[in-house]
Amino acid sequence: MTWDWEKLKEQQQGRRPAPPQVDEVLKNIKKIKIPGGPIVFVLLLVVLGIYSSVYVVDTDEVGIVQRFGKYAKTTQPGLNFKLPFGIETARMVKVRRILKEEFGFSSERAGGRRSVAVSENNSEALMLTGDLNVAVVPWIVQYRVKDPYDYLFKVQNVTQLLRDMSEAAMRLVVGDRSINEVISKRDEIAVEAKEVLQSELDNAQAGIMVVTIEMKRTNVPGPVQPSFNEVNQATQEKEQTIYQAREEYNKAIPAARGDAERVVKAAEGYALDRVNRAKGDAARFSAVYAEYVKAQDVTRRRLYLETLQTLLPRLGPKYIVDDNQSNLLPLLNINQNPLKRSIGAGNEQ
């Protein structure tokens, strides 16, 4: 066994050995003797060429082939071929896999369960609402690759672009709403933010399609939570008072309208009755006058008798005396009790 004393001295002195030169490498290759000569070498080249020219694309992928770094073609799932020895390279892009980005929180799996931790100090989650309140707004963006060519070649860092545009879109939507709307109308905010984000990604030619935006539980920061609760309580009391006033209004106004309508209907009925009576009296007077014109004496006597027949029952006791009677005192019992006298007068009748 021979020793390379120069390399040993270099290792002992702590120096790294110098890299071998190109001439030395070529000399060493020439010294190697391959059994079979050039034939084996050619077979090795053929095997390497076949191995480097065949590739498989999975069902959820597409292959992007580059020739000397430039885009050449897109291949579909299955067995595909390309130029060997690095002339063409293939990159696989997952076009059917749903990817996601989390904003304002982080989710981790521990023991088969997913735990979600929301950080209020995360600048992504802290947003200013339209009524100048601060809200903690965590959300998730789920997306997939729509155009592999744009996804690989149009944008340098697609993930960072997606995060930046997602945050900008969410801040734009949240900034147009009040704190109560941000807390209670998360679905509407998610839909609007998705439309804004997709439009911006299309303008940037990122090759990404946003599948959905999921809003997590929104709230206000911890230091302002007590004040926010007091404001909500005051708002609820105000709304309760308004509802009670409206309830009383809805009770009083219909009752007053009903009374007014009843009075109006009664007046209309009374007016109609009076008019009909007046018309009846006028018609009867006209009929009597027509008979009076035909027979004035008879009609005058009949009217006189009918009038007396109506008036006499209302006059009370009646005394009929002879024209020759000069003293009426014997006929009146002045000392009689008024009650008995009235009874006696009734009996006389």
# chains A, B, ... in the order shown; residues from 1 in each chain; ligands from 1

call {"tool": "select_by_dssp", "arguments": {"residues": "stretch 98-240 of chain A", "states": "strand (DSSP E)", "output": "ChimeraX atom specification"}}
result
/A:99-103,105-110,113-118,126-128,134-136,139-145,208-215

call {"tool": "select_by_dssp", "arguments": {"residues": "stretch 23-248 of chain A", "states": "alpha helix (DSSP H)", "output": "ChimeraX atom specification"}}
result
/A:23-31,38-53,148-153,158-174,179-184,186-204,225-248

call {"tool": "write_last_selection", "arguments": {"atoms": "C-alpha atoms", "output": "compact mmCIF listing (two decimals), in the first residue's frame"}}
result
# COMPACT_ATOMS: atom_id res chain seq x y z
CA ASP A 23 -5.88 17.03 -17.22
CA GLU A 24 -5.53 14.67 -14.30
CA VAL A 25 -9.21 13.64 -14.58
CA LEU A 26 -8.86 12.87 -18.29
CA LYS A 27 -5.71 10.86 -17.67
CA ASN A 28 -7.47 8.84 -14.99
CA ILE A 29 -10.42 8.18 -17.33
CA LYS A 30 -8.08 6.99 -20.05
CA LYS A 31 -6.39 4.63 -17.61
CA PRO A 38 -16.71 1.15 -27.05
CA ILE A 39 -19.74 -1.12 -27.36
CA VAL A 40 -20.44 -1.05 -23.65
CA PHE A 41 -19.93 2.69 -23.59
CA VAL A 42 -22.46 3.14 -26.40
CA LEU A 43 -24.96 0.90 -24.60
CA LEU A 44 -24.55 2.95 -21.46
CA LEU A 45 -25.22 6.11 -23.42
CA VAL A 46 -28.34 4.56 -24.95
CA VAL A 47 -29.65 3.47 -21.55
CA LEU A 48 -28.96 6.88 -20.07
CA GLY A 49 -30.63 8.55 -23.06
CA ILE A 50 -33.76 6.43 -22.72
CA TYR A 51 -33.88 6.96 -18.96
CA SER A 52 -33.53 10.73 -19.31
CA SER A 53 -36.09 11.02 -22.12
CA PRO A 148 -49.42 26.29 -15.54
CA TYR A 149 -47.51 28.45 -18.00
CA ASP A 150 -48.47 31.71 -16.27
CA TYR A 151 -47.98 30.07 -12.87
CA LEU A 152 -44.34 29.14 -13.66
CA PHE A 153 -43.11 31.91 -15.94
CA VAL A 158 -46.58 33.33 -6.93
CA THR A 159 -47.20 32.46 -3.27
CA GLN A 160 -45.99 35.83 -2.03
CA LEU A 161 -48.03 37.60 -4.70
CA LEU A 162 -51.11 35.67 -3.63
CA ARG A 163 -50.62 36.59 0.02
CA ASP A 164 -50.04 40.26 -0.73
CA MET A 165 -53.06 40.55 -3.02
CA SER A 166 -55.26 38.59 -0.62
CA GLU A 167 -54.42 40.95 2.21
CA ALA A 168 -54.99 44.00 0.00
CA ALA A 169 -58.37 42.69 -1.22
CA MET A 170 -59.55 41.85 2.30
CA ARG A 171 -58.52 45.26 3.65
CA LEU A 172 -60.36 46.92 0.76
CA VAL A 173 -63.59 45.05 1.49
CA VAL A 174 -63.40 45.39 5.28
CA ILE A 179 -67.49 46.68 12.71
CA ASN A 180 -70.91 45.09 13.21
CA GLU A 181 -71.09 44.10 9.55
CA VAL A 182 -67.59 42.64 9.68
CA ILE A 183 -68.61 40.46 12.62
CA SER A 184 -72.09 39.43 11.44
CA ARG A 186 -68.72 37.24 7.07
CA ASP A 187 -70.18 35.33 4.11
CA GLU A 188 -70.87 38.51 2.14
CA ILE A 189 -67.37 39.79 2.86
CA ALA A 190 -65.84 36.48 1.74
CA VAL A 191 -67.73 36.53 -1.59
CA GLU A 192 -66.82 40.13 -2.34
CA ALA A 193 -63.16 39.60 -1.36
CA LYS A 194 -62.98 36.55 -3.63
CA GLU A 195 -64.21 38.57 -6.62
CA VAL A 196 -61.72 41.37 -5.96
CA LEU A 197 -58.81 38.94 -5.45
CA GLN A 198 -59.59 36.93 -8.60
CA SER A 199 -59.74 40.10 -10.67
CA GLU A 200 -56.32 41.24 -9.41
CA LEU A 201 -54.74 37.82 -9.97
CA ASP A 202 -56.05 37.74 -13.52
CA ASN A 203 -54.59 41.18 -14.19
CA ALA A 204 -51.23 39.99 -12.83
CA GLN A 225 -63.21 44.09 24.08
CA PRO A 226 -64.86 45.48 27.30
CA SER A 227 -65.58 48.85 25.67
CA PHE A 228 -66.92 47.14 22.59
CA ASN A 229 -69.25 45.01 24.72
CA GLU A 230 -70.57 48.13 26.47
CA VAL A 231 -71.23 49.77 23.12
CA ASN A 232 -73.07 46.68 21.90
CA GLN A 233 -75.14 46.58 25.08
CA ALA A 234 -76.09 50.23 24.71
CA THR A 235 -76.98 49.65 21.06
CA GLN A 236 -79.17 46.69 22.00
CA GLU A 237 -80.95 48.74 24.68
CA LYS A 238 -81.54 51.50 22.15
CA GLU A 239 -82.97 49.07 19.62
CA GLN A 240 -85.15 47.49 22.33
CA THR A 241 -86.55 50.90 23.27
CA ILE A 242 -87.24 51.67 19.62
CA TYR A 243 -89.02 48.34 19.18
CA GLN A 244 -91.18 48.97 22.27
CA ALA A 245 -92.11 52.43 21.01
CA ARG A 246 -93.01 50.98 17.63
CA GLU A 247 -95.10 48.32 19.32
CA GLU A 248 -97.05 50.95 21.26

call {"tool": "residues_around", "arguments": {"residues": "stretch 67-83 of chain A", "least_positions_apart": "2", "cutoff": "8 Å", "atoms": "only C-alpha atoms", "output": "list in words"}}
result
Ser52, Ser53, Val54, Tyr55, Val56, Val57, Asp58, Thr59, Asp60, Glu61, Val62, Gly63, Ile64, Val65, Phe85, Gly86, Ile87, Glu88, Thr89 and Ala90 of chain A

call {"tool": "write_last_selection", "arguments": {"atoms": "N, CA and C atoms", "output": "compact mmCIF listing (two decimals), in the first residue's frame"}}
result
# COMPACT_ATOMS: atom_id res chain seq x y z
N SER A 52 -33.36 9.28 -19.46
CA SER A 52 -33.53 10.73 -19.31
C SER A 52 -34.56 11.31 -20.26
N SER A 53 -35.10 10.51 -21.17
CA SER A 53 -36.09 11.02 -22.12
C SER A 53 -37.52 10.58 -21.80
N VAL A 54 -37.70 9.69 -20.86
CA VAL A 54 -39.02 9.19 -20.51
C VAL A 54 -39.41 9.75 -19.14
N TYR A 55 -40.64 10.22 -19.04
CA TYR A 55 -41.16 10.70 -17.75
C TYR A 55 -42.66 10.45 -17.71
N VAL A 56 -43.19 10.36 -16.51
CA VAL A 56 -44.60 10.04 -16.28
C VAL A 56 -45.27 11.22 -15.58
N VAL A 57 -46.43 11.60 -16.09
CA VAL A 57 -47.22 12.69 -15.50
C VAL A 57 -48.42 12.06 -14.80
N ASP A 58 -48.61 12.39 -13.50
CA ASP A 58 -49.73 11.85 -12.74
C ASP A 58 -51.06 12.45 -13.22
N THR A 59 -52.14 11.84 -12.73
CA THR A 59 -53.48 12.26 -13.17
C THR A 59 -53.84 13.67 -12.72
N ASP A 60 -53.28 14.14 -11.62
CA ASP A 60 -53.60 15.48 -11.12
C ASP A 60 -52.55 16.50 -11.52
N GLU A 61 -51.72 16.17 -12.50
CA GLU A 61 -50.63 17.06 -12.90
C GLU A 61 -50.66 17.30 -14.40
N VAL A 62 -49.88 18.28 -14.81
CA VAL A 62 -49.49 18.47 -16.20
C VAL A 62 -47.99 18.70 -16.22
N GLY A 63 -47.37 18.33 -17.33
CA GLY A 63 -45.93 18.51 -17.45
C GLY A 63 -45.59 19.72 -18.30
N ILE A 64 -44.70 20.54 -17.80
CA ILE A 64 -44.22 21.71 -18.53
C ILE A 64 -42.80 21.39 -19.00
N VAL A 65 -42.60 21.28 -20.31
CA VAL A 65 -41.32 20.91 -20.90
C VAL A 65 -40.58 22.18 -21.32
N PHE A 85 -30.58 13.86 -22.04
CA PHE A 85 -29.31 14.46 -21.63
C PHE A 85 -29.45 15.94 -21.26
N GLY A 86 -30.58 16.30 -20.67
CA GLY A 86 -30.77 17.67 -20.19
C GLY A 86 -31.11 18.68 -21.24
N ILE A 87 -31.28 18.24 -22.49
CA ILE A 87 -31.68 19.19 -23.53
C ILE A 87 -33.07 19.74 -23.23
N GLU A 88 -33.94 18.85 -22.84
CA GLU A 88 -35.27 19.24 -22.39
C GLU A 88 -35.49 18.74 -20.96
N THR A 89 -36.13 19.57 -20.16
CA THR A 89 -36.48 19.21 -18.77
C THR A 89 -37.97 19.35 -18.59
N ALA A 90 -38.51 18.53 -17.70
CA ALA A 90 -39.95 18.53 -17.44
C ALA A 90 -40.21 18.90 -15.99

call {"tool": "residues_around", "arguments": {"residues": "stretch 129-141 of chain A", "least_positions_apart": "5", "cutoff": "7 Å", "atoms": "only C-alpha atoms", "output": "list in words"}}
result
Lys100, Glu101, Glu102, Phe103, Gly104, Phe105, Glu120, Val174, Gly175, Asp176, Arg177, Ser178, Ile179, Thr212, Ile213, Glu214, Met215, Lys216, Thr218, Asn219, Val220 and Pro221 of chain A

call {"tool": "decode", "arguments": {"residues": "stretch 245-295 of chain A", "atoms": "N, CA and C atoms", "output": "mmCIF file, in the first residue's frame"}}
result
data_model
loop_
_atom_site.group_PDB
_atom_site.id
_atom_site.type_symbol
_atom_site.label_atom_id
_atom_site.label_comp_id
_atom_site.auth_asym_id
_atom_site.auth_seq_id
_atom_site.Cartn_x
_atom_site.Cartn_y
_atom_site.Cartn_z
ATOM 1 N N ALA A 245 -91.360 51.263 21.473
ATOM 2 C CA ALA A 245 -92.112 52.431 21.013
ATOM 3 C C ALA A 245 -92.903 52.117 19.744
ATOM 4 N N ARG A 246 -92.289 51.361 18.844
ATOM 5 C CA ARG A 246 -93.006 50.979 17.630
ATOM 6 C C ARG A 246 -94.184 50.067 17.936
ATOM 7 N N GLU A 247 -93.999 49.208 18.946
ATOM 8 C CA GLU A 247 -95.100 48.324 19.325
ATOM 9 C C GLU A 247 -96.280 49.124 19.861
ATOM 10 N N GLU A 248 -95.982 50.098 20.745
ATOM 11 C CA GLU A 248 -97.048 50.952 21.257
ATOM 12 C C GLU A 248 -97.692 51.760 20.131
ATOM 13 N N TYR A 249 -96.868 52.229 19.221
ATOM 14 C CA TYR A 249 -97.388 52.990 18.079
ATOM 15 C C TYR A 249 -98.321 52.127 17.242
ATOM 16 N N ASN A 250 -97.894 50.887 16.994
ATOM 17 C CA ASN A 250 -98.720 49.986 16.198
ATOM 18 C C ASN A 250 -100.021 49.618 16.903
ATOM 19 N N LYS A 251 -100.042 49.682 18.227
ATOM 20 C CA LYS A 251 -101.276 49.421 18.942
ATOM 21 C C LYS A 251 -102.200 50.635 18.958
ATOM 22 N N ALA A 252 -101.629 51.829 19.234
ATOM 23 C CA ALA A 252 -102.446 53.028 19.412
ATOM 24 C C ALA A 252 -102.997 53.547 18.086
ATOM 25 N N ILE A 253 -102.176 53.595 17.058
ATOM 26 C CA ILE A 253 -102.602 54.177 15.795
ATOM 27 C C ILE A 253 -103.747 53.384 15.156
ATOM 28 N N PRO A 254 -103.668 52.069 15.059
ATOM 29 C CA PRO A 254 -104.832 51.353 14.493
ATOM 30 C C PRO A 254 -106.104 51.510 15.316
ATOM 31 N N ALA A 255 -105.962 51.550 16.671
ATOM 32 C CA ALA A 255 -107.156 51.747 17.497
ATOM 33 C C ALA A 255 -107.779 53.111 17.241
ATOM 34 N N ALA A 256 -106.937 54.154 17.168
ATOM 35 C CA ALA A 256 -107.460 55.495 16.892
ATOM 36 C C ALA A 256 -108.102 55.565 15.510
ATOM 37 N N ARG A 257 -107.466 54.904 14.534
ATOM 38 C CA ARG A 257 -108.055 54.897 13.192
ATOM 39 C C ARG A 257 -109.386 54.157 13.182
ATOM 40 N N GLY A 258 -109.483 53.081 13.969
ATOM 41 C CA GLY A 258 -110.747 52.353 14.053
ATOM 42 C C GLY A 258 -111.842 53.191 14.679
ATOM 43 N N ASP A 259 -111.497 53.910 15.779
ATOM 44 C CA ASP A 259 -112.488 54.778 16.409
ATOM 45 C C ASP A 259 -112.932 55.888 15.457
ATOM 46 N N ALA A 260 -111.964 56.468 14.772
ATOM 47 C CA ALA A 260 -112.322 57.547 13.839
ATOM 48 C C ALA A 260 -113.222 57.026 12.720
ATOM 49 N N GLU A 261 -112.905 55.855 12.210
ATOM 50 C CA GLU A 261 -113.741 55.300 11.147
ATOM 51 C C GLU A 261 -115.144 54.966 11.657
ATOM 52 N N ARG A 262 -115.207 54.479 12.921
ATOM 53 C CA ARG A 262 -116.515 54.175 13.492
ATOM 54 C C ARG A 262 -117.357 55.433 13.644
ATOM 55 N N VAL A 263 -116.747 56.520 14.129
ATOM 56 C CA VAL A 263 -117.480 57.788 14.286
ATOM 57 C C VAL A 263 -117.952 58.310 12.933
ATOM 58 N N VAL A 264 -117.073 58.194 11.925
ATOM 59 C CA VAL A 264 -117.438 58.670 10.596
ATOM 60 C C VAL A 264 -118.609 57.863 10.038
ATOM 61 N N LYS A 265 -118.543 56.531 10.227
ATOM 62 C CA LYS A 265 -119.641 55.693 9.729
ATOM 63 C C LYS A 265 -120.949 56.000 10.460
ATOM 64 N N ALA A 266 -120.859 56.225 11.801
ATOM 65 C CA ALA A 266 -122.060 56.563 12.554
ATOM 66 C C ALA A 266 -122.650 57.886 12.079
ATOM 67 N N ALA A 267 -121.802 58.867 11.824
ATOM 68 C CA ALA A 267 -122.284 60.157 11.334
ATOM 69 C C ALA A 267 -122.922 60.006 9.957
ATOM 70 N N GLU A 268 -122.278 59.199 9.121
ATOM 71 C CA GLU A 268 -122.859 58.986 7.798
ATOM 72 C C GLU A 268 -124.214 58.288 7.903
ATOM 73 N N GLY A 269 -124.325 57.313 8.828
ATOM 74 C CA GLY A 269 -125.619 56.652 9.019
ATOM 75 C C GLY A 269 -126.677 57.594 9.542
ATOM 76 N N TYR A 270 -126.298 58.435 10.507
ATOM 77 C CA TYR A 270 -127.248 59.410 11.046
ATOM 78 C C TYR A 270 -127.705 60.391 9.963
ATOM 79 N N ALA A 271 -126.731 60.844 9.160
ATOM 80 C CA ALA A 271 -127.088 61.779 8.085
ATOM 81 C C ALA A 271 -128.022 61.113 7.080
ATOM 82 N N LEU A 272 -127.724 59.864 6.749
ATOM 83 C CA LEU A 272 -128.598 59.165 5.808
ATOM 84 C C LEU A 272 -130.000 58.981 6.382
ATOM 85 N N ASP A 273 -130.101 58.676 7.698
ATOM 86 C CA ASP A 273 -131.403 58.516 8.340
ATOM 87 C C ASP A 273 -132.196 59.812 8.326
ATOM 88 N N ARG A 274 -131.521 60.914 8.676
ATOM 89 C CA ARG A 274 -132.199 62.204 8.689
ATOM 90 C C ARG A 274 -132.673 62.591 7.287
ATOM 91 N N VAL A 275 -131.861 62.327 6.314
ATOM 92 C CA VAL A 275 -132.242 62.696 4.949
ATOM 93 C C VAL A 275 -133.429 61.868 4.491
ATOM 94 N N ASN A 276 -133.384 60.565 4.809
ATOM 95 C CA ASN A 276 -134.497 59.702 4.395
ATOM 96 C C ASN A 276 -135.793 60.091 5.105
ATOM 97 N N ARG A 277 -135.687 60.422 6.404
ATOM 98 C CA ARG A 277 -136.881 60.864 7.146
ATOM 99 C C ARG A 277 -137.445 62.149 6.552
ATOM 100 N N ALA A 278 -136.508 63.064 6.250
ATOM 101 C CA ALA A 278 -136.974 64.334 5.672
ATOM 102 C C ALA A 278 -137.657 64.100 4.330
ATOM 103 N N LYS A 279 -137.087 63.212 3.540
ATOM 104 C CA LYS A 279 -137.709 62.913 2.257
ATOM 105 C C LYS A 279 -139.075 62.242 2.452
ATOM 106 N N GLY A 280 -139.157 61.346 3.459
ATOM 107 C CA GLY A 280 -140.446 60.713 3.734
ATOM 108 C C GLY A 280 -141.503 61.714 4.206
ATOM 109 N N ASP A 281 -141.073 62.628 5.116
ATOM 110 C CA ASP A 281 -142.011 63.647 5.592
ATOM 111 C C ASP A 281 -142.471 64.543 4.440
ATOM 112 N N ALA A 282 -141.519 64.889 3.560
ATOM 113 C CA ALA A 282 -141.884 65.745 2.431
ATOM 114 C C ALA A 282 -142.838 65.018 1.490
ATOM 115 N N ALA A 283 -142.579 63.724 1.296
ATOM 116 C CA ALA A 283 -143.472 62.960 0.416
ATOM 117 C C ALA A 283 -144.863 62.823 1.032
ATOM 118 N N ARG A 284 -144.909 62.581 2.353
ATOM 119 C CA ARG A 284 -146.205 62.467 3.010
ATOM 120 C C ARG A 284 -146.954 63.793 2.980
ATOM 121 N N PHE A 285 -146.271 64.904 3.234
ATOM 122 C CA PHE A 285 -146.915 66.211 3.189
ATOM 123 C C PHE A 285 -147.451 66.493 1.779
ATOM 124 N N SER A 286 -146.648 66.087 0.785
ATOM 125 C CA SER A 286 -147.109 66.311 -0.589
ATOM 126 C C SER A 286 -148.372 65.501 -0.872
ATOM 127 N N ALA A 287 -148.379 64.235 -0.339
ATOM 128 C CA ALA A 287 -149.583 63.404 -0.551
ATOM 129 C C ALA A 287 -150.794 63.992 0.164
ATOM 130 N N VAL A 288 -150.592 64.456 1.416
ATOM 131 C CA VAL A 288 -151.710 65.062 2.167
ATOM 132 C C VAL A 288 -152.199 66.325 1.463
ATOM 133 N N TYR A 289 -151.281 67.118 0.984
ATOM 134 C CA TYR A 289 -151.669 68.352 0.307
ATOM 135 C C TYR A 289 -152.462 68.043 -0.960
ATOM 136 N N ALA A 290 -152.079 66.984 -1.664
ATOM 137 C CA ALA A 290 -152.833 66.618 -2.865
ATOM 138 C C ALA A 290 -154.260 66.227 -2.512
ATOM 139 N N GLU A 291 -154.453 65.491 -1.400
ATOM 140 C CA GLU A 291 -155.802 65.125 -0.966
ATOM 141 C C GLU A 291 -156.561 66.351 -0.453
ATOM 142 N N TYR A 292 -155.833 67.242 0.203
ATOM 143 C CA TYR A 292 -156.456 68.455 0.724
ATOM 144 C C TYR A 292 -156.995 69.304 -0.412
ATOM 145 N N VAL A 293 -156.289 69.373 -1.507
ATOM 146 C CA VAL A 293 -156.756 70.163 -2.644
ATOM 147 C C VAL A 293 -158.035 69.570 -3.214
ATOM 148 N N LYS A 294 -158.117 68.224 -3.181
ATOM 149 C CA LYS A 294 -159.291 67.574 -3.729
ATOM 150 C C LYS A 294 -160.524 67.794 -2.844
ATOM 151 N N ALA A 295 -160.348 67.662 -1.506
ATOM 152 C CA ALA A 295 -161.501 67.840 -0.582
ATOM 153 C C ALA A 295 -160.990 68.564 0.645
#
